[in-house]
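Source file: upload29.pdb. Holds: PDB, C-alpha atoms (C1' of nucleotides).
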MODEL        1
ATOM      1  CA  MET A 281    -100.138-159.421  94.367
ATOM      2  CA  PRO A 282     -96.483-159.364  93.878
ATOM      3  CA  GLU A 283     -94.955-157.699  90.874
ATOM      4  CA  LEU A 284     -92.172-155.146  91.184
ATOM      5  CA  PRO A 285     -94.211-152.372  92.858
ATOM      6  CA  GLU A 286     -95.867-154.779  95.277
ATOM      7  CA  VAL A 287     -92.548-156.338  96.228
ATOM      8  CA  ASN A 288     -91.149-152.850  96.694
ATOM      9  CA  THR A 289     -93.895-152.277  99.219
ATOM     10  CA  PHE A 290     -93.064-155.565 100.924
ATOM     11  CA  GLN A 291     -89.463-154.403 101.152
ATOM     12  CA  ARG A 292     -90.479-151.190 102.829
ATOM     13  CA  TYR A 293     -92.637-153.156 105.267
ATOM     14  CA  PHE A 294     -89.807-155.572 105.958
ATOM     15  CA  ASP A 295     -87.317-152.743 106.544
ATOM     16  CA  GLU A 296     -89.669-150.911 108.859
ATOM     17  CA  THR A 297     -90.487-153.921 110.983
ATOM     18  CA  SER A 298     -87.795-156.541 110.920
ATOM     19  CA  LEU A 299     -84.313-155.039 110.834
ATOM     20  CA  GLN A 300     -81.845-154.977 113.713
ATOM     21  CA  GLN A 301     -83.799-157.394 115.819
ATOM     22  CA  LYS A 302     -82.478-160.737 116.902
ATOM     23  CA  ILE A 303     -84.452-163.749 115.765
ATOM     24  CA  VAL A 304     -85.099-165.761 118.899
ATOM     25  CA  GLU A 305     -87.300-168.436 117.393
ATOM     26  CA  VAL A 306     -88.260-169.704 113.960
ATOM     27  CA  GLU A 307     -91.601-171.388 113.656
ATOM     28  CA  VAL A 308     -92.089-173.457 110.511
ATOM     29  CA  SER A 309     -95.626-174.668 109.978
ATOM     30  CA  ASP A 310     -95.220-175.779 106.352
ATOM     31  CA  GLU A 311     -91.780-176.340 104.909
ATOM     32  CA  LYS A 312     -93.029-176.782 101.355
ATOM     33  CA  ILE A 313     -91.896-173.311 100.274
ATOM     34  CA  LEU A 314     -88.394-173.704 101.729
ATOM     35  CA  ARG A 315     -86.449-174.585  98.625
ATOM     36  CA  ASN A 316     -83.008-175.588  99.802
ATOM     37  CA  LEU A 317     -83.394-176.364 103.472
ATOM     38  CA  SER A 318     -85.558-178.592 105.620
ATOM     39  CA  GLY A 319     -87.639-176.962 108.324
ATOM     40  CA  PRO A 320     -85.198-177.844 111.138
ATOM     41  CA  ALA A 321     -82.163-176.751 109.078
ATOM     42  CA  PHE A 322     -83.908-173.492 108.238
ATOM     43  CA  ARG A 323     -84.497-172.882 111.935
ATOM     44  CA  ASP A 324     -80.862-173.645 112.738
ATOM     45  CA  ARG A 325     -79.635-171.216 110.110
ATOM     46  CA  LEU A 326     -81.853-168.292 111.112
ATOM     47  CA  ILE A 327     -82.093-168.552 114.863
ATOM     48  CA  ASN A 328     -79.964-166.000 116.742
ATOM     49  CA  ARG A 329     -79.359-164.120 113.497
ATOM     50  CA  THR A 330     -80.362-160.535 112.746
ATOM     51  CA  PHE A 331     -81.527-158.962 109.502
ATOM     52  CA  THR A 332     -79.351-155.944 108.778
ATOM     53  CA  GLY A 333     -80.851-154.758 105.494
ATOM     54  CA  SER A 334     -82.528-155.840 102.298
ATOM     55  CA  TYR A 335     -82.020-155.788  98.563
ATOM     56  CA  ARG A 336     -84.760-155.977  95.965
ATOM     57  CA  ARG A 337     -84.244-156.933  92.364
ATOM     58  CA  GLY A 338     -87.392-157.332  90.324
ATOM     59  CA  LYS A 339     -89.787-159.487  92.300
ATOM     60  CA  TYR A 340     -86.991-160.977  94.387
ATOM     61  CA  LEU A 341     -86.482-159.620  97.888
ATOM     62  CA  PHE A 342     -83.273-160.596  99.657
ATOM     63  CA  GLY A 343     -82.989-160.120 103.397
ATOM     64  CA  GLU A 344     -79.394-159.445 104.439
ATOM     65  CA  LEU A 345     -78.199-161.332 107.488
ATOM     66  CA  ASP A 346     -75.564-160.278 109.986
ATOM     67  CA  ASN A 347     -73.294-163.103 108.832
ATOM     68  CA  GLY A 348     -73.174-161.792 105.250
ATOM     69  CA  HIS A 349     -75.579-164.406 103.932
ATOM     70  CA  HIS A 350     -79.003-163.650 102.448
ATOM     71  CA  LEU A 351     -82.474-165.047 102.635
ATOM     72  CA  LEU A 352     -84.554-164.845  99.479
ATOM     73  CA  LEU A 353     -88.198-164.042  99.999
ATOM     74  CA  HIS A 354     -89.970-164.662  96.723
ATOM     75  CA  PHE A 355     -93.709-164.191  97.001
ATOM     76  CA  GLY A 356     -94.935-166.336  94.141
ATOM     77  CA  MET A 357     -98.557-165.546  93.346
ATOM     78  CA  THR A 358    -100.002-165.136  96.820
ATOM     79  CA  GLY A 359     -97.154-164.454  99.248
ATOM     80  CA  ASP A 360     -97.538-161.772 101.910
ATOM     81  CA  LEU A 361     -95.857-160.488 105.062
ATOM     82  CA  ASN A 362     -97.569-160.066 108.382
ATOM     83  CA  TYR A 363     -95.894-158.400 111.368
ATOM     84  CA  TYR A 364     -97.779-158.916 114.576
ATOM     85  CA  GLN A 365     -97.495-159.358 118.287
ATOM     86  CA  ALA A 366    -100.478-161.314 119.570
ATOM     87  CA  PRO A 367    -100.356-164.998 118.617
ATOM     88  CA  GLU A 368    -104.029-164.864 117.650
ATOM     89  CA  ASP A 369    -103.115-162.409 114.898
ATOM     90  CA  ARG A 370    -101.356-165.226 113.099
ATOM     91  CA  THR A 371    -103.006-165.526 109.696
ATOM     92  CA  ARG A 372    -104.655-168.578 108.264
ATOM     93  CA  PHE A 373    -102.011-169.300 105.647
ATOM     94  CA  GLU A 374     -98.853-168.535 107.552
ATOM     95  CA  ARG A 375     -96.100-170.933 106.467
ATOM     96  CA  PHE A 376     -93.405-169.788 108.853
ATOM     97  CA  ALA A 377     -92.690-166.951 111.245
ATOM     98  CA  PHE A 378     -89.656-165.335 112.802
ATOM     99  CA  HIS A 379     -90.020-164.398 116.433
ATOM    100  CA  PHE A 380     -87.954-161.358 117.346
ATOM    101  CA  ASN A 381     -86.546-160.409 120.706
ATOM    102  CA  ASN A 382     -89.008-157.509 120.992
ATOM    103  CA  GLY A 383     -91.890-159.953 121.193
ATOM    104  CA  PHE A 384     -93.147-159.317 117.667
ATOM    105  CA  ARG A 385     -93.267-161.816 114.846
ATOM    106  CA  LEU A 386     -92.854-161.622 111.112
ATOM    107  CA  GLY A 387     -95.111-164.168 109.465
ATOM    108  CA  PHE A 388     -94.852-165.256 105.855
ATOM    109  CA  ASP A 389     -98.262-166.073 104.419
ATOM    110  CA  ASP A 390     -98.834-167.980 101.217
ATOM    111  CA  PRO A 391    -102.101-169.781 100.439
ATOM    112  CA  ARG A 392    -100.962-171.211  97.130
ATOM    113  CA  LYS A 393     -97.444-172.168  98.144
ATOM    114  CA  PHE A 394     -95.837-170.874  94.967
ATOM    115  CA  ALA A 395     -93.507-168.741  97.044
ATOM    116  CA  ARG A 396     -89.906-169.779  97.401
ATOM    117  CA  ILE A 397     -87.592-169.173 100.286
ATOM    118  CA  VAL A 398     -83.914-169.793  99.644
ATOM    119  CA  TYR A 399     -80.982-169.517 102.028
ATOM    120  CA  ILE A 400     -78.108-167.973 100.055
ATOM    121  CA  GLU A 401     -74.447-167.814 100.981
ATOM    122  CA  ASP A 402     -73.224-166.153  97.783
ATOM    123  CA  LEU A 403     -75.742-163.653  96.439
ATOM    124  CA  PRO A 404     -74.034-162.659  93.145
ATOM    125  CA  ALA A 405     -73.573-166.325  92.276
ATOM    126  CA  TYR A 406     -77.238-166.991  93.009
ATOM    127  CA  ILE A 407     -78.454-164.108  90.842
ATOM    128  CA  ASP A 408     -76.222-165.320  88.070
ATOM    129  CA  GLU A 409     -77.542-168.827  88.381
ATOM    130  CA  VAL A 410     -81.267-167.970  88.295
ATOM    131  CA  PRO A 411     -80.570-165.981  86.043
ATOM    132  CA  LEU A 412     -82.063-162.697  87.095
ATOM    133  CA  GLY A 413     -81.858-159.728  84.729
ATOM    134  CA  GLU A 414     -81.551-156.091  85.682
ATOM    135  CA  ASP A 415     -84.309-154.502  87.693
ATOM    136  CA  ALA A 416     -86.947-152.945  85.439
ATOM    137  CA  LEU A 417     -86.748-149.624  87.301
ATOM    138  CA  ARG A 418     -82.966-149.465  87.321
ATOM    139  CA  ILE A 419     -82.118-150.726  83.847
ATOM    140  CA  SER A 420     -80.827-148.046  81.484
ATOM    141  CA  GLU A 421     -82.567-147.270  78.224
ATOM    142  CA  ALA A 422     -79.503-148.473  76.329
ATOM    143  CA  ASP A 423     -79.497-151.822  78.117
ATOM    144  CA  PHE A 424     -83.238-152.244  77.636
ATOM    145  CA  LEU A 425     -82.902-151.637  73.909
ATOM    146  CA  ALA A 426     -79.916-153.968  73.708
ATOM    147  CA  LYS A 427     -81.935-156.758  75.323
ATOM    148  CA  MET A 428     -84.563-156.490  72.582
ATOM    149  CA  ILE A 429     -82.198-156.981  69.691
ATOM    150  CA  GLY A 430     -82.848-160.115  67.685
ATOM    151  CA  ARG A 431     -85.701-161.379  69.861
ATOM    152  CA  LYS A 432     -88.251-163.424  67.981
ATOM    153  CA  THR A 433     -90.597-163.776  70.914
ATOM    154  CA  SER A 434     -93.751-161.775  71.564
ATOM    155  CA  LEU A 435     -93.482-158.429  73.319
ATOM    156  CA  LYS A 436     -95.459-159.834  76.201
ATOM    157  CA  GLY A 437     -93.155-162.835  76.463
ATOM    158  CA  PHE A 438     -90.145-160.540  76.440
ATOM    159  CA  LEU A 439     -91.475-158.300  79.197
ATOM    160  CA  LEU A 440     -92.303-161.300  81.364
ATOM    161  CA  ASN A 441     -88.900-162.933  80.987
ATOM    162  CA  GLN A 442     -87.155-162.244  84.297
ATOM    163  CA  GLY A 443     -83.805-163.157  82.834
ATOM    164  CA  HIS A 444     -83.949-160.182  80.474
ATOM    165  CA  LEU A 445     -85.655-157.769  82.755
ATOM    166  CA  ALA A 446     -86.677-158.335  86.351
ATOM    167  CA  GLY A 447     -89.933-157.178  87.860
ATOM    168  CA  VAL A 448     -92.634-156.962  85.201
ATOM    169  CA  GLY A 449     -95.467-159.441  85.698
ATOM    170  CA  ASN A 450     -98.696-160.209  83.907
ATOM    171  CA  LEU A 451    -100.709-157.145  84.881
ATOM    172  CA  TYR A 452     -98.013-154.521  84.456
ATOM    173  CA  ALA A 453     -96.959-156.086  81.162
ATOM    174  CA  ASP A 454    -100.475-155.569  79.807
ATOM    175  CA  GLU A 455    -100.523-152.035  81.163
ATOM    176  CA  ILE A 456     -97.221-151.179  79.490
ATOM    177  CA  CYS A 457     -98.352-152.563  76.125
ATOM    178  CA  PHE A 458    -101.655-150.769  76.445
ATOM    179  CA  GLN A 459    -100.272-147.363  77.316
ATOM    180  CA  ALA A 460     -97.514-147.606  74.743
ATOM    181  CA  ARG A 461    -100.176-148.621  72.234
ATOM    182  CA  VAL A 462     -98.378-151.746  71.102
ATOM    183  CA  HIS A 463    -100.085-155.083  70.558
ATOM    184  CA  PRO A 464     -98.691-157.535  73.154
ATOM    185  CA  GLY A 465     -98.345-160.225  70.490
ATOM    186  CA  SER A 466     -96.003-158.068  68.409
ATOM    187  CA  VAL A 467     -92.730-159.709  67.458
ATOM    188  CA  VAL A 468     -90.027-157.881  69.390
ATOM    189  CA  ASP A 469     -87.636-157.932  66.448
ATOM    190  CA  ALA A 470     -90.200-156.115  64.289
ATOM    191  CA  ILE A 471     -90.880-153.229  66.656
ATOM    192  CA  PRO A 472     -89.418-149.935  65.384
ATOM    193  CA  ASP A 473     -86.778-148.178  67.456
ATOM    194  CA  GLU A 474     -88.896-145.203  68.429
ATOM    195  CA  VAL A 475     -91.623-147.533  69.674
ATOM    196  CA  ARG A 476     -89.078-149.494  71.723
ATOM    197  CA  VAL A 477     -88.039-146.245  73.369
ATOM    198  CA  ARG A 478     -91.683-145.497  74.099
ATOM    199  CA  LEU A 479     -92.081-148.922  75.676
ATOM    200  CA  PHE A 480     -89.084-148.263  77.885
ATOM    201  CA  GLN A 481     -90.427-144.891  78.949
ATOM    202  CA  LYS A 482     -93.916-146.212  79.651
ATOM    203  CA  MET A 483     -92.507-149.124  81.604
ATOM    204  CA  GLN A 484     -90.538-146.833  83.896
ATOM    205  CA  GLU A 485     -93.359-144.332  84.185
ATOM    206  CA  ILE A 486     -95.956-146.944  85.104
ATOM    207  CA  LEU A 487     -93.753-148.826  87.552
ATOM    208  CA  GLN A 488     -92.584-145.635  89.235
ATOM    209  CA  TYR A 489     -96.149-144.360  89.508
ATOM    210  CA  ALA A 490     -97.184-147.609  91.159
ATOM    211  CA  VAL A 491     -94.157-147.657  93.479
ATOM    212  CA  ASP A 492     -94.907-144.092  94.563
ATOM    213  CA  ARG A 493     -98.391-145.190  95.584
ATOM    214  CA  GLN A 494     -97.056-148.275  97.300
ATOM    215  CA  ALA A 495     -98.839-150.432  94.734
ATOM    216  CA  TYR A 496    -102.163-149.417  96.157
ATOM    217  CA  TYR A 497    -104.147-149.946  92.971
ATOM    218  CA  LYS A 498    -107.163-147.988  94.166
ATOM    219  CA  GLU A 499    -105.079-144.867  93.694
ATOM    220  CA  TYR A 500    -104.283-145.691  90.100
ATOM    221  CA  PRO A 501    -105.935-143.631  87.345
ATOM    222  CA  GLU A 502    -109.335-144.809  86.211
ATOM    223  CA  ASP A 503    -108.225-145.196  82.630
ATOM    224  CA  TRP A 504    -105.557-147.722  83.461
ATOM    225  CA  LEU A 505    -106.189-151.077  81.891
ATOM    226  CA  TRP A 506    -106.207-152.680  85.333
ATOM    227  CA  GLN A 507    -109.468-151.081  86.245
ATOM    228  CA  TRP A 508    -111.317-152.891  83.544
ATOM    229  CA  ARG A 509    -109.656-156.102  82.501
ATOM    230  CA  GLU A 510    -112.789-157.409  80.908
ATOM    231  CA  GLU A 511    -113.476-158.964  77.557
ATOM    232  CA  GLY A 512    -115.906-157.044  75.363
ATOM    233  CA  ARG A 513    -115.630-153.752  77.228
ATOM    234  CA  PRO A 514    -115.292-150.716  74.958
ATOM    235  CA  GLY A 515    -111.696-149.674  74.375
ATOM    236  CA  PRO A 516    -110.427-146.123  74.816
ATOM    237  CA  ASP A 517    -111.681-143.295  72.600
ATOM    238  CA  GLY A 518    -114.614-145.447  71.564
ATOM    239  CA  ILE A 519    -112.343-147.581  69.422
ATOM    240  CA  GLY A 520    -113.085-151.298  69.285
ATOM    241  CA  VAL A 521    -113.480-153.525  72.310
ATOM    242  CA  MET A 522    -111.148-155.202  74.747
ATOM    243  CA  GLU A 523    -110.036-158.659  73.749
ATOM    244  CA  ARG A 524    -108.652-161.499  75.771
ATOM    245  CA  ALA A 525    -106.103-164.004  74.532
ATOM    246  CA  THR A 526    -103.249-166.140  75.763
ATOM    247  CA  ILE A 527     -99.971-164.472  74.829
ATOM    248  CA  GLY A 528     -96.590-165.351  76.236
ATOM    249  CA  GLY A 529     -98.339-168.145  78.079
ATOM    250  CA  ARG A 530    -100.501-165.808  80.141
ATOM    251  CA  THR A 531    -103.995-164.384  79.961
ATOM    252  CA  THR A 532    -103.671-161.052  78.183
ATOM    253  CA  TYR A 533    -106.090-158.173  77.698
ATOM    254  CA  PHE A 534    -105.670-155.690  74.895
ATOM    255  CA  CYS A 535    -107.522-153.605  72.339
ATOM    256  CA  ALA A 536    -106.494-154.565  68.832
ATOM    257  CA  ASP A 537    -107.822-151.356  67.292
ATOM    258  CA  TYR A 538    -105.896-149.214  69.728
ATOM    259  CA  GLN A 539    -102.665-151.184  70.037
ATOM    260  CA  VAL A 540    -100.583-151.485  66.901
ATOM    261  CA  PHE A 541     -99.331-154.905  65.888
ATOM    262  CA  TYR A 542     -95.780-155.167  64.607
ATOM    263  CA  GLY A 543     -94.862-158.431  62.960
ATOM    264  CA  HIS A 544     -93.515-160.080  59.897
TER     265      HIS A 544
ATOM    266  C1'  DT B 266    -118.546-178.207  90.010
ATOM    267  C1'  DG B 267    -115.597-176.201  86.958
ATOM    268  C1'  DT B 268    -112.456-172.543  85.987
ATOM    269  C1'  DG B 269    -108.970-169.297  86.455
ATOM    270  C1'  DA B 270    -105.483-166.895  89.242
ATOM    271  C1'  DT B 271    -100.463-160.645  90.184
ATOM    272  C1'  DG B 272     -95.077-166.643  89.068
ATOM    273  C1'  DT B 273     -91.334-169.767  88.000
ATOM    274  C1'  DT B 274     -89.264-173.765  86.129
ATOM    275  C1'  DG B 275     -87.685-177.895  83.875
ATOM    276  C1'  DA B 276     -88.528-180.624  80.018
ATOM    277  C1'  DA B 277     -89.520-180.519  75.260
ATOM    278  C1'  DT B 278     -89.031-178.345  70.888
ATOM    279  C1'  DG B 279     -87.150-175.495  67.264
TER     280       DG B 279
ATOM    281  C1'  DG C 238     -75.586-174.343  72.852
ATOM    282  C1'  DC C 239     -79.321-170.990  72.775
ATOM    283  C1'  DA C 240     -84.207-169.148  72.454
ATOM    284  C1'  DT C 241     -88.760-170.212  73.185
ATOM    285  C1'  DT C 242     -92.954-172.661  74.590
ATOM    286  C1'  DC C 243     -95.789-175.133  77.725
ATOM    287  C1'  DA C 244     -97.375-178.145  81.215
ATOM    288  C1'  DA C 245     -96.886-178.579  86.091
ATOM    289  C1'  DC C 246     -96.773-176.921  90.594
ATOM    290  C1'  DA C 247    -100.989-176.281  95.174
ATOM    291  C1'  DT C 248    -104.772-174.125  96.645
ATOM    292  C1'  DC C 249    -108.397-170.916  96.998
ATOM    293  C1'  DA C 250    -112.330-168.083  95.448
ATOM    294  C1'  DC C 251    -115.988-167.093  92.416
TER     295       DC C 251
ENDMDL
END

Let me see whether you can do it: turn the structure in this file into structure tokens.
Amino acid sequence: MPELPEVNTFQRYFDETSLQQKIVEVEVSDEKILRNLSGPAFRDRLINRTFTGSYRRGKYLFGELDNGHHLLLHFGMTGDLNYYQAPEDRTRFERFAFHFNNGFRLGFDDPRKFARIVYIEDLPAYIDEVPLGEDALRISEADFLAKMIGRKTSLKGFLLNQGHLAGVGNLYADEICFQARVHPGSVVDAIPDEVRVRLFQKMQEILQYAVDRQAYYKEYPEDWLWQWREEGRPGPDGIGVMERATIGGRTTYFCADYQVFYGH
DNA sequence: TGTGATGTTGAATG
DNA sequence: GCATTCAACATCAC
């Protein structure tokens, strides 16, 4: 479930379990998600190393190594971390695991294999190359507004573009549009300034709220769109019904009578 | 059995 | 060259 708040929770988990411990073994059970190294090369690079910290930008989590290099942990659609001691606690879809010198292991699970693990020697160069925009929770209002200028794409497409803004995924994008009362198919260029500011504020508010609850969605308010992503359900205030459409290439839920469309 | 899924990307198109 | 769209990726769960 990895969008910005979920990855933030993964980072916390990683920091609490896996820092300052020497990696004594690297077990690769499926090298498919290793993007720039073979299984054996990955093992060679990580063995006897220690994670000293981490850096998150959007949905990208970078583990800092004691040699100054980084390891990208990108969770794709179904990635997850699992820290455990007993070998039988290994999960069904573990793709690789680090064994630490304290006897515990950090497993990386990923049923769908859309995750990507990249060994990085020069982090700024890598971020530049992706390219990865500013983190959605750290970007300034001025920079957010500047990114919107001249965009002909849909609002949803804009929010999902990690090169403009890093961290917003399909569900949070819908939530932001919903709470800001803007139709996700609106043309960015046609959205008035005050509405753009509202989008920025809602984005930060929603993401921060989720981060504060460690992305535990059961603690989210009942009136959040997430709780009822369902076609035909009544919209808020008894206005219209929820609709479903493909916008920005992704399944999108919205209420056309509640969310204003801006276009040409 | 068919369908859709919290993400990214490279090729195609404008 | 740049912005945008879209199929493809691999697999599971309903």

Find the axis-aligned box for region 482-492 of chain A, covering all its listed atoms and adding 4 Å on each side, and write its centre and edge lengths in Å to one decimal as lines of an AutoDock Vina configuration file.
center_x = -93.9
center_y = -146.6
center_z = 87.1
size_x = 14.6
size_y = 13.0
size_z = 22.9

Tell me, counting all atoms listed in the file, for each residue of chain C within 10 Å of chain A, which pair of atoms is nearest and how far apart they are in Å to one decimal, in rows ordered by chain and increasing number, as a Markdown table.
| residue | atom | partner | partner_atom | distance |
| --- | --- | --- | --- | --- |
| C:DA240 | C1' | A:Lys432 | CA | 8.3 |
| C:DT241 | C1' | A:Thr433 | CA | 7.1 |
| C:DT242 | C1' | A:Gly529 | CA | 7.8 |
| C:DC243 | C1' | A:Gly529 | CA | 7.4 |
| C:DC246 | C1' | A:Phe394 | CA | 7.5 |
| C:DA247 | C1' | A:Arg392 | CA | 5.4 |
| C:DT248 | C1' | A:Arg392 | CA | 4.8 |
| C:DC249 | C1' | A:Pro391 | CA | 7.3 |

Just so the selection is clear, what residues does the PyMOL selection byres ((chain A) within 7 of (chain B)) cover here, as a list in words?
Met281, Pro282, Glu283, Gly356, Met357, Gly449, Asn450 and Leu451 of chain A

To one decimal place in Å, what is the distance between CA of Leu440 (chain A) and CA of Ala453 (chain A)?
7.0 Å

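The gap separating CA of Leu341 (chain A) from CA of Ile313 (chain A) is 14.9 Å, in Å to one decimal.
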
Got a sec to resolve the PyMOL selection byres ((chain A and resi 364) around 10) on this structure and send the residues as a list in words?
Thr297, Leu361, Asn362, Tyr363, Gln365, Ala366, Pro367, Glu368, Asp369, Arg370, Thr371, His379, Gly383, Phe384, Arg385, Leu386 and Gly387 of chain A

Could you list, as a PyMOL selection string, every residue matched by the PyMOL selection byres ((chain A and resi 537) around 8) in this structure?
chain A and resi 519-521+535-536+538-540

Taking C-alpha atoms for each residue, export the selection above as an mmCIF file, in the coordinates of the input.
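Done, and the output landed in out.cif:
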data_model
loop_
_atom_site.group_PDB
_atom_site.id
_atom_site.type_symbol
_atom_site.label_atom_id
_atom_site.label_comp_id
_atom_site.auth_asym_id
_atom_site.auth_seq_id
_atom_site.Cartn_x
_atom_site.Cartn_y
_atom_site.Cartn_z
ATOM 1 C CA ILE A 519 -112.343 -147.581 69.422
ATOM 2 C CA GLY A 520 -113.085 -151.298 69.285
ATOM 3 C CA VAL A 521 -113.480 -153.525 72.310
ATOM 4 C CA CYS A 535 -107.522 -153.605 72.339
ATOM 5 C CA ALA A 536 -106.494 -154.565 68.832
ATOM 6 C CA TYR A 538 -105.896 -149.214 69.728
ATOM 7 C CA GLN A 539 -102.665 -151.184 70.037
ATOM 8 C CA VAL A 540 -100.583 -151.485 66.901
#

Distance query Ala525 (chain A) at most 10 Å, only C-alpha atoms (C1' of nucleotides), self and fewer than 6 positions along chain excluded, as a tab-separated table (two decimals) with C-alpha atoms, in the frame of the given file:
chain	number	residue	atom	x	y	z
A	464	PRO	CA	-98.69	-157.54	73.15
A	465	GLY	CA	-98.34	-160.22	70.49
A	511	GLU	CA	-113.48	-158.96	77.56
A	531	THR	CA	-104.00	-164.38	79.96
A	532	THR	CA	-103.67	-161.05	78.18
A	533	TYR	CA	-106.09	-158.17	77.70
A	534	PHE	CA	-105.67	-155.69	74.90

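CA of Phe378 (chain A) is positioned 29.0 Å from CA of Val448 (chain A).
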
Can you work out which one of A:Asp454, A:Ser298, A:Ala395, A:Val468 has the shortest atom-to-atom distance to Arg524 (chain A), counting all atoms listed in the file?
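Distance minimum relative to Arg524 (chain A) lands on A:Asp454.
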